[in-house]
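Data block for work25.cif (mmCIF, C-alpha atoms):
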```cif
data_structure
#
loop_
_atom_site.group_PDB
_atom_site.id
_atom_site.type_symbol
_atom_site.label_atom_id
_atom_site.label_comp_id
_atom_site.auth_asym_id
_atom_site.auth_seq_id
_atom_site.Cartn_x
_atom_site.Cartn_y
_atom_site.Cartn_z
ATOM 1 C CA MET A 799 -15.515 70.069 31.129
ATOM 2 C CA HIS A 800 -16.221 69.891 34.861
ATOM 3 C CA TYR A 801 -19.853 69.134 35.735
ATOM 4 C CA LEU A 802 -22.089 69.135 38.766
ATOM 5 C CA LEU A 803 -24.706 66.399 38.396
ATOM 6 C CA SER A 804 -27.983 66.040 40.232
ATOM 7 C CA HIS A 805 -30.448 63.231 39.443
ATOM 8 C CA ARG A 806 -33.502 62.669 41.642
ATOM 9 C CA THR A 807 -36.153 59.972 41.057
ATOM 10 C CA THR A 808 -39.344 59.829 43.098
ATOM 11 C CA TYR A 809 -41.945 57.048 43.210
ATOM 12 C CA THR A 810 -45.279 57.745 44.923
ATOM 13 C CA TYR A 811 -47.519 54.757 45.678
ATOM 14 C CA ALA A 812 -51.299 54.619 45.983
ATOM 15 C CA SER A 813 -51.051 52.380 49.054
ATOM 16 C CA THR A 814 -48.366 51.269 51.468
ATOM 17 C CA VAL A 815 -45.381 49.286 50.193
ATOM 18 C CA ASP A 816 -44.467 46.790 52.905
ATOM 19 C CA SER A 817 -41.089 45.809 51.445
ATOM 20 C CA ALA A 818 -39.067 46.531 48.320
ATOM 21 C CA HIS A 819 -35.939 45.438 46.497
ATOM 22 C CA HIS A 820 -34.353 47.840 44.004
ATOM 23 C CA ILE A 821 -31.401 47.565 41.607
ATOM 24 C CA ALA A 822 -29.956 50.875 40.382
ATOM 25 C CA HIS A 823 -27.570 51.744 37.549
ATOM 26 C CA LEU A 824 -27.190 55.359 38.674
ATOM 27 C CA ARG A 825 -23.609 55.600 39.889
ATOM 28 C CA ALA A 826 -21.540 57.183 37.103
ATOM 29 C CA ARG A 827 -18.317 55.323 36.365
ATOM 30 C CA ASN A 828 -14.830 56.263 35.293
ATOM 31 C CA PHE A 829 -14.467 55.788 31.567
ATOM 32 C CA PRO A 830 -11.792 56.669 29.001
ATOM 33 C CA GLY A 831 -12.037 60.467 28.902
ATOM 34 C CA GLN A 832 -14.196 60.646 32.043
ATOM 35 C CA LYS A 833 -13.244 60.879 35.731
ATOM 36 C CA VAL A 834 -15.721 60.860 38.626
ATOM 37 C CA SER A 835 -14.159 62.922 41.433
ATOM 38 C CA SER A 836 -17.036 62.561 43.916
ATOM 39 C CA ILE A 837 -20.411 60.832 43.980
ATOM 40 C CA SER A 838 -23.141 60.066 46.515
ATOM 41 C CA VAL A 839 -26.380 58.092 46.259
ATOM 42 C CA ASN A 840 -29.020 58.633 48.959
ATOM 43 C CA THR A 841 -32.406 57.012 49.392
ATOM 44 C CA SER A 842 -35.486 57.663 51.483
ATOM 45 C CA PRO A 843 -36.495 55.506 53.291
ATOM 46 C CA VAL A 844 -33.013 54.443 54.348
ATOM 47 C CA PRO A 845 -32.561 50.813 53.220
ATOM 48 C CA ALA A 846 -32.130 47.941 55.630
ATOM 49 C CA LEU A 847 -29.476 46.592 53.248
ATOM 50 C CA ALA A 848 -27.374 48.445 50.672
ATOM 51 C CA VAL A 849 -24.774 46.602 48.569
ATOM 52 C CA GLN A 850 -22.590 47.721 45.668
ATOM 53 C CA HIS A 851 -21.383 45.450 42.846
ATOM 54 C CA LEU A 852 -19.767 45.663 39.431
ATOM 55 C CA ASP A 853 -21.713 43.988 36.629
ATOM 56 C CA HIS A 854 -20.352 42.066 33.629
ATOM 57 C CA PHE A 855 -19.666 45.311 31.739
ATOM 58 C CA GLY A 856 -17.874 47.015 34.638
ATOM 59 C CA ASN A 857 -20.823 49.217 35.583
ATOM 60 C CA HIS A 858 -21.621 50.102 39.191
ATOM 61 C CA ILE A 859 -24.799 48.558 40.614
ATOM 62 C CA ASP A 860 -26.472 49.557 43.885
ATOM 63 C CA ILE A 861 -28.816 46.980 45.441
ATOM 64 C CA TYR A 862 -31.272 48.068 48.132
ATOM 65 C CA ARG A 863 -33.635 46.199 50.428
ATOM 66 C CA ILE A 864 -36.220 48.337 52.191
ATOM 67 C CA ASP A 865 -38.207 46.709 54.994
ATOM 68 C CA LYS A 866 -39.872 49.835 56.379
ATOM 69 C CA PRO A 867 -43.468 50.407 55.169
ATOM 70 C CA HIS A 868 -43.601 53.451 52.911
ATOM 71 C CA THR A 869 -45.773 55.267 50.378
ATOM 72 C CA ARG A 870 -42.919 57.114 48.671
ATOM 73 C CA PHE A 871 -39.435 56.197 47.529
ATOM 74 C CA ASP A 872 -36.777 58.798 46.669
ATOM 75 C CA ILE A 873 -33.312 58.162 45.302
ATOM 76 C CA GLU A 874 -30.917 61.009 44.555
ATOM 77 C CA VAL A 875 -27.473 61.054 42.951
ATOM 78 C CA ARG A 876 -25.051 63.972 43.273
ATOM 79 C CA ALA A 877 -21.660 63.937 41.609
ATOM 80 C CA GLU A 878 -18.743 65.953 40.286
ATOM 81 C CA ILE A 879 -17.399 64.676 36.987
ATOM 82 C CA ASP A 880 -14.717 65.745 34.511
ATOM 83 C CA VAL A 881 -15.285 64.849 30.863
ATOM 84 C CA ARG A 882 -13.198 65.156 27.744
ATOM 85 C CA PHE A 883 -13.650 62.174 25.459
ATOM 86 C CA PRO A 884 -10.749 61.692 23.037
ATOM 87 C CA GLU A 885 -11.173 63.272 19.633
ATOM 88 C CA PRO A 886 -11.670 60.510 17.061
ATOM 89 C CA PRO A 887 -9.461 60.440 13.966
ATOM 90 C CA ALA A 888 -10.654 61.942 10.716
ATOM 91 C CA ALA A 889 -13.562 59.801 9.573
ATOM 92 C CA ALA A 890 -12.089 59.234 6.122
ATOM 93 C CA SER A 891 -8.855 57.855 7.653
ATOM 94 C CA THR A 892 -10.534 54.988 9.536
ATOM 95 C CA PRO A 893 -10.398 51.440 8.083
ATOM 96 C CA PRO A 894 -13.027 50.109 5.681
ATOM 97 C CA TRP A 895 -15.969 48.791 7.671
ATOM 98 C CA GLU A 896 -15.569 45.334 6.083
ATOM 99 C CA ASP A 897 -12.080 45.064 7.636
ATOM 100 C CA ILE A 898 -13.500 45.832 11.077
ATOM 101 C CA ARG A 899 -16.241 43.241 10.549
ATOM 102 C CA ALA A 900 -13.668 40.610 9.567
ATOM 103 C CA SER A 901 -11.545 41.251 12.675
ATOM 104 C CA LEU A 902 -14.616 41.026 14.927
ATOM 105 C CA LEU A 903 -15.558 37.657 13.435
ATOM 106 C CA GLY A 904 -11.970 36.479 13.394
ATOM 107 C CA ASP A 905 -12.563 32.959 12.023
ATOM 108 C CA GLY A 906 -13.603 31.854 15.496
ATOM 109 C CA PHE A 907 -10.903 33.923 17.238
ATOM 110 C CA PRO A 908 -12.274 37.473 17.270
ATOM 111 C CA HIS A 909 -10.091 40.458 17.994
ATOM 112 C CA PRO A 910 -10.681 42.171 20.289
ATOM 113 C CA VAL A 911 -12.821 39.827 22.374
ATOM 114 C CA GLU A 912 -14.413 42.639 24.420
ATOM 115 C CA ALA A 913 -15.782 44.334 21.322
ATOM 116 C CA SER A 914 -16.902 41.102 19.630
ATOM 117 C CA GLU A 915 -19.668 40.417 22.151
ATOM 118 C CA PHE A 916 -21.431 43.581 20.957
ATOM 119 C CA ILE A 917 -22.058 42.278 17.424
ATOM 120 C CA TYR A 918 -24.915 39.934 18.399
ATOM 121 C CA ASP A 919 -28.647 40.399 18.903
ATOM 122 C CA SER A 920 -29.732 41.370 22.417
ATOM 123 C CA PRO A 921 -33.116 41.375 24.186
ATOM 124 C CA LEU A 922 -34.254 44.801 22.964
ATOM 125 C CA VAL A 923 -32.224 44.876 19.720
ATOM 126 C CA PRO A 924 -33.177 41.825 17.640
ATOM 127 C CA SER A 925 -32.402 41.486 13.939
ATOM 128 C CA VAL A 926 -34.751 43.616 11.839
ATOM 129 C CA GLU A 927 -34.352 43.251 8.089
ATOM 130 C CA ALA A 928 -35.678 46.743 7.427
ATOM 131 C CA LEU A 929 -32.887 48.162 9.575
ATOM 132 C CA ARG A 930 -30.247 46.162 7.705
ATOM 133 C CA VAL A 931 -31.526 47.728 4.484
ATOM 134 C CA TYR A 932 -31.637 51.173 6.106
ATOM 135 C CA GLY A 933 -28.039 50.863 7.300
ATOM 136 C CA ALA A 934 -26.841 49.573 3.934
ATOM 137 C CA GLN A 935 -27.457 52.994 2.416
ATOM 138 C CA SER A 936 -24.500 54.257 4.475
ATOM 139 C CA PHE A 937 -22.356 51.112 4.597
ATOM 140 C CA THR A 938 -21.432 50.880 0.938
ATOM 141 C CA ALA A 939 -18.470 48.793 -0.230
ATOM 142 C CA GLY A 940 -15.057 49.906 1.007
ATOM 143 C CA ARG A 941 -16.308 52.943 2.920
ATOM 144 C CA PRO A 942 -14.353 54.010 6.047
ATOM 145 C CA ILE A 943 -16.225 52.819 9.113
ATOM 146 C CA LEU A 944 -16.477 56.136 10.941
ATOM 147 C CA GLU A 945 -17.496 57.980 7.792
ATOM 148 C CA ALA A 946 -20.332 55.494 7.257
ATOM 149 C CA ALA A 947 -21.352 55.500 10.946
ATOM 150 C CA ARG A 948 -21.406 59.312 11.070
ATOM 151 C CA GLU A 949 -23.672 59.417 8.024
ATOM 152 C CA LEU A 950 -25.981 56.824 9.603
ATOM 153 C CA THR A 951 -26.120 58.936 12.786
ATOM 154 C CA SER A 952 -27.046 62.038 10.777
ATOM 155 C CA ARG A 953 -29.736 60.172 8.828
ATOM 156 C CA ILE A 954 -31.404 58.925 12.015
ATOM 157 C CA ARG A 955 -31.441 62.471 13.416
ATOM 158 C CA LYS A 956 -33.047 63.694 10.175
ATOM 159 C CA ASP A 957 -35.467 60.824 9.521
ATOM 160 C CA PHE A 958 -36.870 60.283 13.045
ATOM 161 C CA GLU A 959 -39.080 62.600 15.067
ATOM 162 C CA TYR A 960 -38.123 63.177 18.701
ATOM 163 C CA HIS A 961 -41.499 62.517 20.290
ATOM 164 C CA PRO A 962 -41.737 61.628 24.001
ATOM 165 C CA GLY A 963 -44.745 59.393 24.517
ATOM 166 C CA ALA A 964 -44.684 57.903 21.018
ATOM 167 C CA THR A 965 -43.114 54.712 22.393
ATOM 168 C CA ASP A 966 -42.311 52.970 25.642
ATOM 169 C CA ILE A 967 -39.746 50.340 26.564
ATOM 170 C CA SER A 968 -42.115 47.566 25.429
ATOM 171 C CA THR A 969 -42.500 48.952 21.880
ATOM 172 C CA PRO A 970 -40.855 46.452 19.474
ATOM 173 C CA LEU A 971 -37.893 47.801 17.542
ATOM 174 C CA ALA A 972 -39.573 47.055 14.203
ATOM 175 C CA ASP A 973 -42.519 49.247 15.274
ATOM 176 C CA VAL A 974 -40.173 52.049 16.333
ATOM 177 C CA PHE A 975 -38.550 51.970 12.907
ATOM 178 C CA ALA A 976 -41.897 51.862 11.088
ATOM 179 C CA GLY A 977 -43.232 54.825 13.103
ATOM 180 C CA LYS A 978 -40.015 56.876 12.757
ATOM 181 C CA ALA A 979 -40.616 58.479 16.162
ATOM 182 C CA GLY A 980 -39.456 57.992 19.713
ATOM 183 C CA VAL A 981 -36.904 59.168 22.260
ATOM 184 C CA CYS A 982 -33.169 58.788 22.767
ATOM 185 C CA GLN A 983 -33.269 55.098 23.746
ATOM 186 C CA ASP A 984 -35.215 54.360 20.536
ATOM 187 C CA PHE A 985 -32.754 56.313 18.387
ATOM 188 C CA ALA A 986 -29.874 54.419 20.015
ATOM 189 C CA HIS A 987 -31.515 51.013 19.516
ATOM 190 C CA VAL A 988 -32.197 51.828 15.846
ATOM 191 C CA GLU A 989 -28.559 52.726 15.199
ATOM 192 C CA ILE A 990 -27.255 49.718 17.129
ATOM 193 C CA ALA A 991 -29.455 47.364 15.104
ATOM 194 C CA ALA A 992 -28.313 48.865 11.791
ATOM 195 C CA LEU A 993 -24.649 48.555 12.820
ATOM 196 C CA ARG A 994 -24.930 44.987 14.125
ATOM 197 C CA ALA A 995 -26.762 43.966 10.956
ATOM 198 C CA HIS A 996 -23.449 44.686 9.192
ATOM 199 C CA GLY A 997 -21.387 42.626 11.651
ATOM 200 C CA LEU A 998 -20.161 45.668 13.586
ATOM 201 C CA ALA A 999 -19.845 46.091 17.353
ATOM 202 C CA ALA A 1000 -22.234 48.633 18.857
ATOM 203 C CA GLY A 1001 -22.988 49.243 22.529
ATOM 204 C CA TYR A 1002 -25.770 51.140 24.280
ATOM 205 C CA VAL A 1003 -24.505 53.977 26.498
ATOM 206 C CA SER A 1004 -26.656 55.482 29.235
ATOM 207 C CA GLY A 1005 -25.911 58.788 30.880
ATOM 208 C CA TYR A 1006 -26.693 62.464 30.580
ATOM 209 C CA ILE A 1007 -26.250 65.372 28.221
ATOM 210 C CA ARG A 1008 -25.420 68.941 29.194
ATOM 211 C CA THR A 1009 -28.275 71.032 30.546
ATOM 212 C CA ILE A 1010 -28.697 74.386 28.823
ATOM 213 C CA ASN A 1011 -26.891 76.913 31.007
ATOM 214 C CA SER A 1012 -27.212 80.284 29.287
ATOM 215 C CA LYS A 1013 -29.124 82.007 26.490
ATOM 216 C CA ASP A 1014 -26.153 81.367 24.199
ATOM 217 C CA ASP A 1015 -26.197 77.595 24.691
ATOM 218 C CA ILE A 1016 -27.708 75.355 22.035
ATOM 219 C CA ALA A 1017 -30.581 73.294 23.444
ATOM 220 C CA LEU A 1018 -29.756 69.577 23.205
ATOM 221 C CA ARG A 1019 -32.504 66.987 22.880
ATOM 222 C CA GLY A 1020 -32.588 64.639 25.837
ATOM 223 C CA ALA A 1021 -31.288 67.139 28.413
ATOM 224 C CA ASP A 1022 -32.898 67.331 31.883
ATOM 225 C CA ALA A 1023 -33.432 63.540 31.901
ATOM 226 C CA SER A 1024 -31.450 60.357 31.438
ATOM 227 C CA HIS A 1025 -29.964 60.186 27.943
ATOM 228 C CA ALA A 1026 -28.692 57.399 25.672
ATOM 229 C CA TRP A 1027 -26.389 57.088 22.689
ATOM 230 C CA VAL A 1028 -24.191 54.566 20.859
ATOM 231 C CA ALA A 1029 -20.570 53.427 21.089
ATOM 232 C CA VAL A 1030 -19.243 51.884 17.869
ATOM 233 C CA TRP A 1031 -15.950 49.975 17.614
ATOM 234 C CA CYS A 1032 -13.832 51.563 14.881
ATOM 235 C CA GLY A 1033 -10.687 49.438 15.151
ATOM 236 C CA GLU A 1034 -7.585 49.416 17.323
ATOM 237 C CA ALA A 1035 -6.415 52.916 16.358
ATOM 238 C CA ALA A 1036 -9.711 54.751 16.925
ATOM 239 C CA GLY A 1037 -11.219 52.433 19.556
ATOM 240 C CA TRP A 1038 -14.794 53.101 20.678
ATOM 241 C CA VAL A 1039 -16.335 56.260 19.252
ATOM 242 C CA HIS A 1040 -19.478 57.590 20.927
ATOM 243 C CA LEU A 1041 -22.191 58.810 18.536
ATOM 244 C CA ASP A 1042 -25.427 60.522 19.591
ATOM 245 C CA PRO A 1043 -28.134 60.002 16.941
ATOM 246 C CA THR A 1044 -30.673 62.068 18.913
ATOM 247 C CA ASN A 1045 -28.527 65.176 18.404
ATOM 248 C CA ASP A 1046 -26.224 64.095 15.530
ATOM 249 C CA LEU A 1047 -23.113 64.558 17.650
ATOM 250 C CA VAL A 1048 -19.825 62.855 18.364
ATOM 251 C CA ALA A 1049 -19.639 62.799 22.167
ATOM 252 C CA HIS A 1050 -16.781 64.967 23.375
ATOM 253 C CA GLU A 1051 -17.556 67.267 26.332
ATOM 254 C CA ASP A 1052 -21.368 67.458 26.398
ATOM 255 C CA HIS A 1053 -22.026 63.859 27.534
ATOM 256 C CA VAL A 1054 -21.523 62.028 30.840
ATOM 257 C CA VAL A 1055 -21.488 58.211 30.919
ATOM 258 C CA VAL A 1056 -23.247 56.289 33.676
ATOM 259 C CA ALA A 1057 -23.143 52.761 32.248
ATOM 260 C CA TRP A 1058 -23.009 50.771 29.033
ATOM 261 C CA GLY A 1059 -24.229 47.400 27.801
ATOM 262 C CA ARG A 1060 -25.901 45.688 24.873
ATOM 263 C CA ASP A 1061 -29.161 47.656 25.143
ATOM 264 C CA PHE A 1062 -31.366 49.447 27.664
ATOM 265 C CA SER A 1063 -32.203 46.223 29.489
ATOM 266 C CA ASP A 1064 -28.575 45.907 30.658
ATOM 267 C CA VAL A 1065 -28.433 49.409 32.175
ATOM 268 C CA SER A 1066 -31.963 50.300 33.289
ATOM 269 C CA PRO A 1067 -31.521 53.160 35.798
ATOM 270 C CA LEU A 1068 -33.861 51.621 38.362
ATOM 271 C CA ARG A 1069 -35.820 48.394 38.553
ATOM 272 C CA GLY A 1070 -37.053 46.126 41.281
ATOM 273 C CA VAL A 1071 -39.860 44.289 43.056
ATOM 274 C CA ILE A 1072 -42.273 45.712 45.623
ATOM 275 C CA LEU A 1073 -44.816 44.114 47.960
ATOM 276 C CA GLY A 1074 -47.934 46.297 48.000
ATOM 277 C CA GLY A 1075 -48.199 49.797 46.588
ATOM 278 C CA ASP A 1076 -50.971 49.230 44.006
ATOM 279 C CA SER A 1077 -50.591 51.884 41.292
ATOM 280 C CA HIS A 1078 -47.783 54.412 41.342
ATOM 281 C CA SER A 1079 -46.563 57.613 39.741
ATOM 282 C CA TYR A 1080 -43.003 58.749 39.350
ATOM 283 C CA GLY A 1081 -40.998 61.835 38.531
ATOM 284 C CA VAL A 1082 -37.418 62.431 37.422
ATOM 285 C CA ALA A 1083 -35.407 65.640 37.715
ATOM 286 C CA VAL A 1084 -31.911 65.857 36.197
ATOM 287 C CA SER A 1085 -29.458 68.699 35.874
ATOM 288 C CA LEU A 1086 -25.965 68.490 34.417
ATOM 289 C CA ILE A 1087 -24.412 71.902 34.891
ATOM 290 C CA PRO A 1088 -20.979 72.794 33.483
ATOM 291 C CA THR A 1089 -18.897 74.810 35.926
ATOM 292 C CA ARG A 1090 -15.533 75.120 34.185
ATOM 293 C CA LEU A 1091 -13.357 73.744 31.431
ATOM 294 C CA THR A 1092 -11.202 70.770 32.420
ATOM 295 C CA ASP A 1093 -7.467 71.403 32.286
#
```

In structure tokens, how does this file's structure come out?
Amino acid sequence: MHYLLSHRTTYTYASTVDSAHHIAHLRARNFPGQKVSSISVNTSPVPALAVQHLDHFGNHIDIYRIDKPHTRFDIEVRAEIDVRFPEPPAAASTPPWEDIRASLLGDGFPHPVEASEFIYDSPLVPSVEALRVYGAQSFTAGRPILEAARELTSRIRKDFEYHPGATDISTPLADVFAGKAGVCQDFAHVEIAALRAHGLAAGYVSGYIRTINSKDDIALRGADASHAWVAVWCGEAAGWVHLDPTNDLVAHEDHVVVAWGRDFSDVSPLRGVILGGDSHSYGVAVSLIPTRLTD
């Protein structure tokens, strides 16, 4: 699928900001099954310094220094992106999850190394015993990994209420699980914790999901804003499979990747430090419009 992406974020400050430093994970990257054909990132005010880097996970980072006094900050991304993630193998044909766990541990020599770093706790996804127990209902002995992970994804979609405002980024994961409500980043963190509790590699993927484009389209939860889902390592043959617990989907053509990491803290769309400003309000407007099928 070929998409036109527009993502605009606006911060309005109660008083003048004298200077600001911002770090943005907003520049969509090439990924297996995804090609970015054009992309631009524009800010107002124009920064005194703008630098691009790649982070540890290969994501694009934009760093801005703004010295001009301002009461509003706008950053807008426009891009053209082609997406067709590979179809995963039949779930029942994937290896038993215990075999994947053993290869990731590897008696001190894990294989593959890239995937093995995603089996550990991270700042926003600590070990939660209740989530180990919750995941164990799907990860029974000898079960194929993708079959178990797909069931876990479906259970989260069924058991949790999609409720913007029920949580924020500071809500502890244990509280999210106890309340059974939240938004896409909460659903992703819940699934990641349940997978890692079983020694499996799970990454947090940030991006977007297709905006409804006609009366015949199915409305997807998390559209018209940044979205998040999970990548789970299913072995050498299947590789990383992207699962969306907010919508109970395997990502194929409806999702666009911006960045990935261990959890939200690795790929926060925008963060920084300002001098002045007092209180602030912000708004986000996202559209991901399909224009044609990719050849």

Selection: 8 Å around segment 902-909 of chain A, all atoms listed in the file, excl. self and same-chain fewer than 4 positions, as number ranges by chain = A: 898, 913-914, 917, 997-999

Residues within 6 Å of segment 976-983 of chain A, all atoms listed in the file, excluding chain neighbours under 5 positions, as a PyMOL selection string = chain A and resi 958-962+964-965+1026+1044

ask   = Which residues match the PyMOL selection byres ((chain A and resi 1050) around 9) in the file above, as a ChimeraX atom specification?
value = /A:831,881-885,1040,1047-1049,1051-1053

Residues of the last selection are to be written out with C-alpha atoms, as a short mmCIF file (atom, residue, chain, number, x, y, z; two decimals), keeping the file's coordinate frame.
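In the end it all went to part_17.cif:
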```cif
data_model
loop_
_atom_site.label_atom_id
_atom_site.label_comp_id
_atom_site.auth_asym_id
_atom_site.auth_seq_id
_atom_site.Cartn_x
_atom_site.Cartn_y
_atom_site.Cartn_z
CA GLY A 831 -12.04 60.47 28.90
CA VAL A 881 -15.28 64.85 30.86
CA ARG A 882 -13.20 65.16 27.74
CA PHE A 883 -13.65 62.17 25.46
CA PRO A 884 -10.75 61.69 23.04
CA GLU A 885 -11.17 63.27 19.63
CA HIS A 1040 -19.48 57.59 20.93
CA LEU A 1047 -23.11 64.56 17.65
CA VAL A 1048 -19.82 62.86 18.36
CA ALA A 1049 -19.64 62.80 22.17
CA GLU A 1051 -17.56 67.27 26.33
CA ASP A 1052 -21.37 67.46 26.40
CA HIS A 1053 -22.03 63.86 27.53
#
```

Residue nearest Phe871 of chain A among A:Pro830, A:Gly963, A:Gly1081, A:Gly1005 (counting all atoms listed in the file) =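 Of A:Pro830, A:Gly963, A:Gly1081, A:Gly1005, the one nearest Phe871 of chain A, counting all atoms listed in the file, is A:Gly1081.
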
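With atom CA of Asp1076 of chain A on one side and atom CA of Phe1062 of chain A on the other, the separation reads 25.5 Å.
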
ask   = By how many Å are atom CA of Leu1086 of chain A and atom CA of Ala822 of chain A apart?
value =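 These atoms are spaced 19.0 Å apart.
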
message = Report, in Å to a single decimal, how far apart atom CA of Val1039 of chain A and atom CA of Leu802 of chain A are.
response =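 A separation of 24.1 Å between them.
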
task = Please write the residues picked by the PyMOL selection byres ((chain A and resi 863) around 7) on this file as a ChimeraX atom specification.
result = /A:818-820,845-848,861-862,864-865

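The residue that comes closest to Val911 of chain A, out of A:Ala939, A:Val844, A:Trp1031, A:Thr869 and on the basis of all atoms listed in the file, is A:Trp1031.
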
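Taking all atoms listed in the file into account, Pro924 of chain A lies nearest to A:His987 out of the set A:His987, A:Ala1083, A:Glu878, A:Ser901.
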
inquiry  = I'd like the residues picked by the PyMOL selection byres ((chain A and resi 810) around 10) written out as a VMD selection string, using the chain letters and numbers from the file.
reply    = chain A and resid 808 to 809 811 to 815 868 to 872 1075 1077 to 1081

query = Nearest to Ile879 of chain A among A:Thr969, A:Asn1045, A:Gln832, A:Thr938, with distances taken over only C-alpha atoms: which residue is it?
reply = A:Gln832

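Of the residues listed (A:Ala1000, A:Ile1007, A:Ala946, A:Val1055), A:Ala1000 shows the shortest atom-to-atom separation from Val1028 of chain A; distances use all atoms listed in the file.
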
ask   = Smallest atom-to-atom distance to Ala890 of chain A: which of A:Arg876, A:Arg941, A:Arg806, A:Arg1060, using only C-alpha atoms?
value = A:Arg941

inquiry  = I'd like the contact shell of Pro887 of chain A - 12 Å cut-off, all atoms listed in the file, skipping same-chain residues fewer than 2 positions apart - returned as a ChimeraX atom specification.
reply    = /A:884-885,889-893,942-945,1032-1039,1048

Kindly list the centre and edge lengths in Å, rounded to one decimal, for the axis-aligned box that covers all listed atoms of segment 1032-1047 of chain A plus 5 Å on each of its six sides, as AutoDock Vina command-line options.
```
--center_x -18.5 --center_y 57.3 --center_z 17.9 --size_x 34.3 --size_y 25.8 --size_z 16.0
```
